[in-house]
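Raw run02.txt, compact mmCIF, C-alpha atoms and all ligand atoms:
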```txt
# COMPACT_ATOMS: atom_id res chain seq x y z
CA MET I 30 -3.48 8.45 -3.01
CA LYS I 31 -0.24 8.00 -1.18
CA PRO I 32 2.13 5.75 -3.13
CA ARG I 33 2.46 2.34 -1.57
CA PRO I 34 5.96 1.13 -0.84
CA GLU I 35 7.68 -1.28 -3.22
CA THR I 36 8.49 -4.67 -1.88
CA THR I 37 10.38 -7.73 -2.93
CA THR I 38 8.58 -9.97 -0.49
CA ARG I 39 5.12 -9.85 -2.06
CA PRO I 40 4.28 -13.33 -3.36
CA ARG I 41 4.42 -13.48 -7.14
CA GLY I 42 0.97 -13.13 -8.67
CA SER I 43 -0.71 -12.07 -5.46
CA LYS I 44 -3.58 -9.70 -5.93
CA VAL I 45 -3.05 -6.02 -5.18
CA ILE I 46 -5.96 -4.72 -3.15
CA GLU I 47 -6.39 -0.97 -3.14
CA PRO I 48 -8.06 0.35 -0.03
CA ASP I 49 -11.03 2.58 -0.43
CA GLY I 50 -11.32 5.49 1.91
CA ASP I 51 -11.77 9.13 2.49
CA ARG I 52 -9.87 11.57 0.32
CA GLN I 53 -9.55 14.10 3.12
CA LEU I 54 -7.72 11.63 5.33
CA ARG I 55 -5.27 10.95 2.55
CA GLN I 56 -4.30 14.62 2.53
CA ILE I 57 -3.06 14.45 6.08
CA LYS I 58 0.68 14.14 6.45
CA TRP I 59 0.60 11.59 9.21
CA ALA I 60 3.68 11.60 11.39
CA LYS I 61 2.74 8.50 13.29
CA GLY I 62 -0.97 8.17 12.67
CA PRO I 63 -2.48 5.73 10.19
CA GLN I 64 0.17 4.55 7.76
CA TYR I 65 -0.23 2.19 4.88
CA PRO I 66 0.76 -1.24 6.10
CA VAL I 67 4.20 -2.60 5.74
CA PHE I 68 4.45 -5.56 3.37
CA PRO I 69 4.18 -8.55 3.34
CA ASP I 70 1.30 -8.35 5.82
CA TYR I 71 -0.92 -6.15 3.72
CA GLU I 72 -3.35 -8.87 2.61
CA GLU I 73 -3.68 -10.07 6.17
CA ALA I 74 -4.67 -6.58 7.25
CA MET I 75 -7.29 -6.54 4.52
CA LEU I 76 -8.98 -9.75 5.68
CA PRO I 77 -12.58 -9.38 6.80
CA ASN I 78 -12.84 -8.57 10.46
CA GLY I 79 -14.97 -11.13 12.25
CA GLU I 80 -14.34 -9.72 15.71
CA SER I 81 -16.24 -6.47 15.95
CA VAL I 82 -19.95 -7.29 16.08
CA LEU I 83 -22.53 -5.10 17.76
CA VAL I 84 -26.02 -6.52 18.21
CA VAL I 85 -28.41 -3.58 18.24
CA ALA I 86 -31.78 -4.40 19.75
CA LYS I 87 -34.34 -2.01 18.28
CA GLY I 88 -35.27 0.64 20.82
CA LYS I 89 -32.86 -0.73 23.44
CA GLY I 90 -29.60 0.00 21.69
CA ALA I 91 -26.04 -1.14 22.29
CA GLU I 92 -22.74 0.49 23.03
CA ALA I 93 -19.52 0.45 21.03
CA GLY I 94 -16.61 1.47 23.19
CA GLU I 95 -12.93 0.93 23.82
CA PHE I 96 -11.65 2.77 20.79
CA CYS I 97 -8.04 2.05 19.92
CA VAL I 98 -5.21 3.64 18.00
CA PRO I 99 -3.54 1.68 15.20
CA PRO I 100 -1.30 -0.04 14.53
CA LYS I 101 -0.61 -1.88 17.82
CA PRO I 102 -3.40 -1.11 18.81
CA ASP I 103 -2.90 1.25 21.74
CA ALA I 104 -5.47 2.89 23.99
CA PRO I 105 -6.22 6.45 22.86
CA ARG I 106 -5.27 9.26 25.18
CA GLN I 107 -8.96 10.18 25.66
CA ALA I 108 -11.84 7.70 25.63
CA THR I 109 -14.79 7.50 23.24
CA LYS I 110 -17.96 5.46 23.30
CA VAL I 111 -20.91 5.31 20.94
CA ALA I 112 -24.47 4.44 21.87
CA VAL I 113 -26.13 2.91 18.82
CA ASP I 114 -29.88 2.51 18.41
CA TRP I 115 -32.40 2.38 15.57
CA ASP I 116 -36.08 2.68 14.80
CA ASP I 117 -38.23 2.56 11.68
CA THR I 118 -36.99 5.99 10.62
CA ALA I 119 -33.30 6.27 11.36
CA LEU I 120 -30.05 4.97 12.75
CA ASP I 121 -29.34 6.88 15.94
CA LEU I 122 -25.75 7.42 17.13
CA ARG I 123 -24.62 9.20 20.29
CA PHE I 124 -20.88 9.65 20.68
CA THR I 125 -19.50 10.55 24.10
CA CYS I 126 -15.93 11.86 23.92
CA VAL I 127 -13.71 12.65 26.87
CA ASP I 128 -11.76 15.69 25.72
CA LYS I 129 -9.80 18.12 27.87
CA ASP I 130 -8.55 20.08 24.87
CA LEU I 131 -11.52 20.62 22.60
CA VAL I 132 -11.07 22.16 19.15
CA GLY I 133 -14.05 23.06 16.98
CA VAL I 134 -13.45 25.95 14.62
CA GLU I 135 -14.06 24.61 11.12
CA THR I 136 -17.36 25.53 9.50
CA GLY I 137 -19.31 24.94 6.32
CA ALA I 138 -20.93 21.98 4.60
CA ASP I 139 -18.67 19.19 3.33
CA ASN I 140 -15.57 21.02 4.52
CA ILE I 141 -12.70 18.57 3.97
CA LYS I 142 -10.71 20.20 6.76
CA LEU I 143 -13.00 19.02 9.54
CA TRP I 144 -10.23 16.63 10.61
CA ARG I 145 -8.50 19.74 11.99
CA ASP I 146 -11.22 19.80 14.64
CA ASP I 147 -12.12 17.26 17.24
CA SER I 148 -14.56 15.24 15.21
CA VAL I 149 -16.27 11.86 14.94
CA TYR I 150 -16.97 9.71 11.91
CA VAL I 151 -19.25 6.84 11.06
CA TRP I 152 -18.66 4.65 8.02
CA LEU I 153 -21.61 2.55 6.85
CA ASP I 154 -21.74 -0.33 4.40
CA SER I 155 -25.47 -1.01 4.12
CA GLY I 156 -26.19 -4.68 3.54
CA HIS I 157 -22.61 -5.63 4.53
CA SER I 158 -21.65 -5.73 0.87
CA HIS I 159 -17.85 -5.63 1.31
CA ASN I 160 -18.00 -4.01 -2.11
CA ALA I 161 -16.00 -0.79 -2.41
CA ASP I 162 -17.99 0.09 -5.57
CA ASN I 163 -21.26 -0.17 -3.74
CA LYS I 164 -22.67 2.63 -1.62
CA SER I 165 -20.50 3.04 1.41
CA VAL I 166 -21.39 6.27 3.20
CA MET I 167 -19.33 8.37 5.59
CA VAL I 168 -20.68 11.05 7.87
CA GLN I 169 -18.24 13.15 9.87
CA LEU I 170 -19.38 15.59 12.54
CA SER I 171 -17.07 18.21 14.02
CA SER I 172 -17.43 19.48 17.57
CA SER I 173 -18.10 22.82 15.84
CA GLY I 174 -21.37 21.32 14.55
CA ALA I 175 -20.27 21.27 10.90
CA TRP I 176 -20.59 17.97 9.06
CA HIS I 177 -19.29 16.26 5.96
CA ASP I 178 -21.11 13.43 4.23
CA ILE I 179 -19.97 11.45 1.21
CA ARG I 180 -20.95 8.29 -0.62
CA ASN I 181 -18.24 6.35 -2.44
CA GLY I 182 -16.07 9.40 -1.96
CA ASP I 183 -18.62 11.65 -3.70
CA PRO I 184 -19.10 14.87 -1.68
CA ALA I 185 -22.09 15.86 -3.85
CA PHE I 186 -24.05 13.19 -2.00
CA ASP I 187 -25.98 14.43 1.01
CA VAL I 188 -27.84 12.31 3.54
CA ALA I 189 -31.28 13.87 3.18
CA GLY I 190 -32.91 14.47 6.54
CA LEU I 191 -29.70 14.01 8.56
CA LYS I 192 -30.02 15.47 12.05
CA THR I 193 -26.94 16.41 14.05
CA GLU I 194 -26.35 17.83 17.49
CA VAL I 195 -23.17 18.60 19.40
CA ALA I 196 -22.81 19.70 23.01
CA LYS I 197 -19.99 20.46 25.42
CA THR I 198 -19.93 18.42 28.62
CA ALA I 199 -18.00 18.71 31.87
CA ASP I 200 -15.21 16.49 30.56
CA GLY I 201 -15.52 16.72 26.80
CA TRP I 202 -18.26 16.70 24.21
CA THR I 203 -21.08 14.69 22.75
CA ALA I 204 -22.17 14.26 19.16
CA ARG I 205 -25.52 12.91 18.03
CA LEU I 206 -26.32 11.78 14.52
CA ARG I 207 -29.75 10.65 13.39
CA ILE I 208 -29.23 9.15 9.96
CA PRO I 209 -32.52 8.42 8.18
CA TRP I 210 -32.70 5.16 6.23
CA GLN I 211 -34.45 7.07 3.48
CA GLY I 212 -31.57 9.54 3.29
CA LEU I 213 -29.22 6.61 2.71
CA GLY I 214 -31.47 5.33 -0.06
CA VAL I 215 -32.42 2.15 1.78
CA SER I 216 -35.35 0.71 3.70
CA ALA I 217 -35.30 0.30 7.46
CA PRO I 218 -33.43 -2.91 8.34
CA ALA I 219 -35.35 -6.14 8.76
CA ALA I 220 -34.61 -8.48 11.66
CA ALA I 221 -31.19 -10.15 11.25
CA ASP I 222 -29.98 -7.66 8.64
CA VAL I 223 -26.26 -6.90 8.88
CA TRP I 224 -24.42 -3.71 7.99
CA GLY I 225 -20.71 -3.00 7.91
CA VAL I 226 -19.71 -0.14 10.19
CA ASN I 227 -16.77 1.65 11.72
CA PHE I 228 -16.68 4.49 14.19
CA ILE I 229 -13.69 6.81 14.24
CA ARG I 230 -12.65 9.86 16.15
CA THR I 231 -10.01 12.50 15.61
CA ASP I 232 -8.69 14.13 18.75
CA GLN I 233 -6.68 17.32 18.40
CA PRO I 234 -4.48 18.44 21.30
CA GLY I 235 -6.03 21.88 21.77
CA LYS I 236 -5.23 22.99 18.22
CA ALA I 237 -4.85 21.34 14.83
CA ASP I 238 -1.56 19.45 15.04
CA HIS I 239 -0.49 16.86 12.47
CA ASP I 240 2.07 15.29 14.72
CA ARG I 241 0.20 15.11 17.99
CA MET I 242 -3.37 14.48 16.87
CA GLN I 243 -4.81 11.03 17.40
CA MET I 244 -7.21 9.08 15.27
CA SER I 245 -8.85 6.25 17.16
CA SER I 246 -11.13 3.57 15.81
CA TRP I 247 -13.75 1.20 17.19
CA VAL I 248 -12.46 -1.57 14.94
CA LYS I 249 -8.99 -2.82 15.71
CA LEU I 250 -6.67 -2.27 12.79
CA PRO I 251 -3.83 -4.69 13.47
CA MET I 252 -1.34 -3.83 10.75
CA GLY I 253 -1.75 -0.09 10.63
CA SER I 254 -4.34 -0.35 7.90
CA ASP I 255 -6.31 2.72 6.97
CA PRO I 256 -9.17 3.24 9.44
CA THR I 257 -11.50 3.88 6.54
CA THR I 258 -10.89 0.51 4.88
CA LEU I 259 -14.17 -1.20 4.16
CA GLY I 260 -12.66 -4.67 4.38
CA ARG I 261 -11.94 -4.13 8.06
CA TYR I 262 -15.28 -2.61 9.08
CA GLY I 263 -17.07 -4.11 12.06
CA HIS I 264 -20.73 -5.08 11.99
CA LEU I 265 -24.15 -4.09 13.21
CA ILE I 266 -26.72 -6.86 13.54
CA PHE I 267 -30.19 -5.31 13.63
CA ALA I 268 -32.60 -7.31 15.74
CA PRO I 269 -35.82 -6.88 17.67
CA ALA I 270 -35.13 -6.92 21.42
CA GLY I 271 -34.82 -10.49 22.71
CA ASP I 272 -34.86 -12.11 19.27
CA GLU I 273 -31.98 -14.56 19.65
CA ALA I 274 -32.84 -16.35 16.43
CA ALA I 275 -32.37 -13.10 14.49
CA VAL I 276 -29.00 -12.55 16.16
CA GLU I 277 -27.85 -16.04 15.26
CA LYS I 278 -29.04 -15.57 11.69
CA GLY I 279 -27.11 -12.31 11.52
CA ARG I 280 -23.94 -13.95 12.80
CA LYS I 281 -24.22 -16.67 10.17
CA ALA I 282 -24.75 -14.02 7.49
CA ILE I 283 -21.53 -12.27 8.57
CA GLN I 284 -19.62 -15.53 8.34
CA GLY I 285 -21.15 -16.32 4.96
CA ARG I 286 -20.21 -12.95 3.49
CA HIS I 287 -16.67 -13.22 4.81
CA ASP I 288 -16.30 -16.67 3.27
CA GLU I 289 -17.31 -15.11 -0.07
CA VAL I 290 -14.83 -12.27 0.36
CA ARG I 291 -11.99 -14.69 1.12
CA ALA I 292 -12.96 -16.88 -1.82
CA ARG I 293 -12.73 -13.99 -4.29
CA ALA I 294 -9.54 -12.46 -2.84
CA CA B 301 -9.18 17.33 21.65
```

Go ahead and express the file in the form of structure tokens.
Ligand SMILES: [Ca+2]
Amino acid sequence: MKPRPETTTRPRGSKVIEPDGDRQLRQIKWAKGPQYPVFPDYEEAMLPNGESVLVVAKGKGAEAGEFCVPPKPDAPRQATKVAVDWDDTALDLRFTCVDKDLVGVETGADNIKLWRDDSVYVWLDSGHSHNADNKSVMVQLSSSGAWHDIRNGDPAFDVAGLKTEVAKTADGWTARLRIPWQGLGVSAPAAADVWGVNFIRTDQPGKADHDRMQMSSWVKLPMGSDPTTLGRYGHLIFAPAGDEAAVEKGRKAIQGRHDEVRARA
């Protein structure tokens, strides 16, 4: 883990919160990509994010778009959107990435260098636990077709039954991930269930380049916080199509969990 800067402005006795995250991202020598936040705003950056909520009507889906680049946030140089849907078997994600300078050369299972390719990530906190010790899962898919899946940072974990597909398009590439509930060790969501989620993309400028690559995120990360930080994930509310009561219940559940997180911080 990258050492965090010392500060004299941290309030005495304030709790130090260590971000969870992906080991591979911590190996990148970011020139101006994600940096650990500058104190004294660190705790603020770690607050639960109540803004990013995607209501996913079963079989109808929803779209997460307008990715941004921390810390301002800025618009990324090339756009990304994610169509999210679900059924009784799996969570279904379709990323569409504009990309005029596609890189996809890394191969192999659980290759921690997939960030050197154009790639997409999903981070999932089933049950919206906000608990870094729980069972947060990341799946990363390179435009080469190789993928990397981990749970709580453990690369030995594999999402059983995961289906992936990548394709080149006229102006970029698409990535599809079908992530079976069973492979995550959970049941299919019930109406009004909430999960934590973030979608991330790395965009290389025609070749792996530390300084010029961009990492964009669906969730806004206001203080330059790590895009993998569970505390800042957005949310999926799973609902049958047209079930407004389930959506409202899901929204209240998000608020309730965030109140708990603030209370224990
Ligand atoms: Ca690219």

Contacts of Ser216 (chain I) at 12 Å (only C-alpha atoms; same-chain gap of 2+ positions) as a PDB file with C-alpha atoms, keeping the file's coordinate frame:
```
ATOM      1  CA  ASP I 116     -36.080   2.680  14.800  1.00  0.00           C
ATOM      2  CA  ASP I 117     -38.230   2.560  11.680  1.00  0.00           C
ATOM      3  CA  THR I 118     -36.990   5.990  10.620  1.00  0.00           C
ATOM      4  CA  ALA I 119     -33.300   6.270  11.360  1.00  0.00           C
ATOM      5  CA  LEU I 120     -30.050   4.970  12.750  1.00  0.00           C
ATOM      6  CA  SER I 155     -25.470  -1.010   4.120  1.00  0.00           C
ATOM      7  CA  GLY I 156     -26.190  -4.680   3.540  1.00  0.00           C
ATOM      8  CA  PRO I 209     -32.520   8.420   8.180  1.00  0.00           C
ATOM      9  CA  TRP I 210     -32.700   5.160   6.230  1.00  0.00           C
ATOM     10  CA  GLN I 211     -34.450   7.070   3.480  1.00  0.00           C
ATOM     11  CA  GLY I 212     -31.570   9.540   3.290  1.00  0.00           C
ATOM     12  CA  LEU I 213     -29.220   6.610   2.710  1.00  0.00           C
ATOM     13  CA  GLY I 214     -31.470   5.330  -0.060  1.00  0.00           C
ATOM     14  CA  PRO I 218     -33.430  -2.910   8.340  1.00  0.00           C
ATOM     15  CA  ALA I 219     -35.350  -6.140   8.760  1.00  0.00           C
ATOM     16  CA  ASP I 222     -29.980  -7.660   8.640  1.00  0.00           C
TER      17      ASP I 222
END
```

Which one of I:Ile283, I:Ala138, I:Asn181, I:Ser81 sits closest to Asn160 (chain I) if you count all atoms listed in the file?
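The answer is I:Asn181, which sits nearest to Asn160 (chain I).
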
Within 10 Å of ligand CA 301 (chain B) (counting only C-alpha atoms and all ligand atoms), which residues show up? I'd like them as a PyMOL selection string.
chain I and resi 106-107+126-133+145-148+172+201-202+230-237+242-243

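With distances restricted to all atoms listed in the file, I:Lys281 is the closest residue to Ala221 (chain I) from I:Lys281, I:Lys249, I:Arg180, I:Lys197.
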
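Candidate residues I:Leu191, I:Leu153, I:Ala270, I:Val290 were compared for distance to Leu206 (chain I), and the nearest is I:Leu191, using all atoms listed in the file.
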
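Picture a line from CA of Asp114 (chain I) to CA of Val151 (chain I); it runs 13.6 Å.
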
Restricting the calculation to only C-alpha atoms, which member of I:Asp187, I:Glu95, I:Ala86, I:Ser173 is positioned closest to Glu273 (chain I)?
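Checking each of I:Asp187, I:Glu95, I:Ala86, I:Ser173 against Glu273 (chain I), counting only C-alpha atoms, the winner is I:Ala86.
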
Nearest to Leu143 (chain I) by atom-to-atom distance, counting only C-alpha atoms, from I:Ala161, I:Leu170, I:Ala282, I:Ala196:
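Distance minimum relative to Leu143 (chain I) lands on I:Leu170.
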
If I take CA of Val223 (chain I) and CA of Asn78 (chain I), how far is one from the other in Å, to one decimal?
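So the two atoms, CA of Val223 (chain I) and CA of Asn78 (chain I), lie 13.6 Å apart.
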
Selection: 9 Å around Gln284 (chain I), all atoms listed in the file, excl. self and same-chain fewer than 5 positions, as a count of residues only
3

Find the spatial neighbours of Thr136 (chain I), counting only C-alpha atoms, within a cut-off of 9 Å - ignore same-chain residues fewer than 4 positions away - and output them as a VMD selection string.
chain I and resid 140 142 to 143 171 173 to 176

Counting all atoms listed in the file, find residues at most 12 Å from (-22.2, -5.4, 17.1) (file frame) and give them as a ChimeraX atom specification.
/I:78-86,90-94,111-114,221-228,247-248,262-268,276,279-280,283

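Going from CA of Gly137 (chain I) to CA of Val166 (chain I) covers 19.0 Å.
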
Using all atoms of region 85-96 of chain I that appear in the file, construct an axis-aligned enclosing box with 5 Å of padding on every side and provide its centre coordinates and edge lengths in Å, rounded to one decimal, as JSON.
```
{"center_x": -23.5, "center_y": -0.8, "center_z": 21.0, "size_x": 33.6, "size_y": 17.2, "size_z": 15.6}
```

Env of Pro269 (chain I): 8 Å cut, atoms = all atoms listed in the file, seq-sep filter 2 positions within chain, self excluded. Answer as a PyMOL selection string.
chain I and resi 86-87+220+267+271-272+275

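Minimum atom-to-atom distances from I:Pro77, I:Asp240, I:Pro105, I:Ser246 to His157 (chain I) were compared using only C-alpha atoms, and the lowest value belongs to I:Pro77.
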